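Structure, as structure tokens:
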Amino acid sequence: MEKIKFPRNRIKRMRTDLGLTQTQLAEKTGLSMQAISSYENNKRNPKEEVWWKLSDFFNVPPSYLQGLSNDKNGWFDWEKATGYSKERLEKEIKYLVDTGRVDENADLQTKIGRAVKSLDNDSMDSEQGVINEINYKLLDLLDRVYDAFYQKLPTKGINIRNISSKRDLKSGMTEETLNKIVDILNQARWDIAKIPVNIDGHNPEPYDSDKHKLK
């Protein structure tokens with residue numbers, strides 16, 4: 001049977017550049033020395049989670065470590081994973097640095113990660129991001145309120161089809177108080193959602209969920 005040949009990776013080169021032995025790399029990453037040796041000699045191909053573990057350790061993107069790209073900064077990987085072009089990410093990084101939201105001396109991967117979150121409105125670096133974060137916190141608070149007022153449902157020995165949608169209140173709790181709290185929190189979510197946000201600033205491109213899917 002013909003042996004499977006994997007692309008020549010850069011694991012050995014990255015390891016030796018740091019002056020590490022296979023044993024030392026194994027200790028620092030939690031991998032076995034035998035596995036590292038087989039990866040470096042192209043006898044085995046690491047699983048995806050191993051590639052990420054090694055790329056995090058060497059602070060390079062997986063594609064560079066795999067020998068599939070010469071882009072040591074990871075623009076290729078970020079573009080593929082997020083749908084944002086290198087130019088768009090660089091523009092967002094500049095905005096975050098210029099406005100003091102990101103430390104200028106932070107490593108590039110940290111800057112790119114923050115830029116992606118900002119563009120996705122998944123951080124408090126934009127008006128929409130702030131609103132999204134508040135909404136998330138209010139939803140979490142609603143869950144905690146329900147848990148505080150209602151008895152926990154049994155987890156074993158229960159027929160799902162027979163579960164009532166109405167849970168029993170804990171001793172000392174009333175539905176009247178619960179409903180008032182819930183109404184206030186839901187009204188806050190509604191009022192905050194109606195706040196107009198700046199769409200002509202640093203993040204003019206609307207969020208498109210389709211372009212953020214991994215390809």
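Chain lettering (A, B, ...) mirrors the order of the structure tokens, residue numbering begins at 1 for each chain separately, and ligand numbering begins at 1 in order of display.
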
Requested in this report: Looking only at alpha helix (DSSP H) from DSSP on the backbone, list the matching residues of chain A as a ChimeraX atom specification.
Outcome: /A:11-17,22-29,33-40,48-58,62-66,75-82,86-98,108-119,127-149,175-193

Which residues are near range 6-22 of chain A? Cut-off 6 Å, only C-alpha atoms, ignore same chain within fewer than 5 positions. Put them as a list in words. Met33, Glu40, Leu65, Gln66 and Gly67 of chain A

- Residue neighbourhood Lys86 in chain A, 9 Å, only C-alpha atoms, exclusion window fewer than 5 positions, as a ChimeraX atom specification: /A:75-76,78-79,91

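With only C-alpha atoms as the atoms that count, the minimum distance from Leu96 in chain A to the choices A:Pro196, A:Gln109, A:Ser126, A:Asp71 is reached by A:Ser126.
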
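Coordinates place CA of Pro46 in chain A at a distance of 29.4 Å from CA of Leu89 in chain A.
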
Nearest to Arg144 in chain A, restricted to only C-alpha atoms and choosing among A:Val197, A:Ser32, A:Thr110, A:Val182, comes out as A:Val182

Expressed in Å, the length from CA of Leu169 in chain A to CA of Tyr146 in chain A is 9.3 Å

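Take the candidates A:Ala193, A:Asn198, A:Asn42, A:Ala148 and check each one against Gly172 in chain A using only C-alpha atoms; the shortest distance goes to A:Ala148.
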
Nearby residues (only C-alpha atoms) at most 12 Å from Gln34 in chain A, same-chain spacing under 4 positions excluded, as number ranges by chain: A: 22-23, 25-27, 30, 38-41, 43-44

Dump as a PDB file, in the first residue's frame, selection limited to C-alpha atoms:
ATOM      1  CA  GLN A  22      11.232  17.751  20.684  1.00  0.00           C
ATOM      2  CA  THR A  23      11.002  16.820  24.368  1.00  0.00           C
ATOM      3  CA  LEU A  25       8.088  21.206  22.814  1.00  0.00           C
ATOM      4  CA  ALA A  26       6.158  18.166  23.978  1.00  0.00           C
ATOM      5  CA  GLU A  27       6.257  19.389  27.582  1.00  0.00           C
ATOM      6  CA  GLY A  30       1.082  18.630  26.193  1.00  0.00           C
ATOM      7  CA  SER A  38       6.053  11.881  13.431  1.00  0.00           C
ATOM      8  CA  TYR A  39       4.601  15.291  12.508  1.00  0.00           C
ATOM      9  CA  GLU A  40       8.019  16.743  11.736  1.00  0.00           C
ATOM     10  CA  ASN A  41       9.008  13.709   9.666  1.00  0.00           C
ATOM     11  CA  LYS A  43       4.646  10.442   8.876  1.00  0.00           C
ATOM     12  CA  ARG A  44       1.450  11.704  10.501  1.00  0.00           C
TER      13      ARG A  44
END

**Q.** Residue contacts of Val102 in chain A (10 Å, only C-alpha atoms) excluding same-chain residues fewer than 5 positions away, as number ranges by chain
**A.** A: 93-97, 110-111, 114-115, 125

Problem - Neighbour list for range 54-61 of chain A as a PyMOL selection string, cut-off 6 Å, only C-alpha atoms, skip fewer than 2 positions in-chain - result: chain A and resi 51-52+63-64+72+74

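What separates CA of Phe149 in chain A from CA of Trp190 in chain A is a distance of 23.0 Å.
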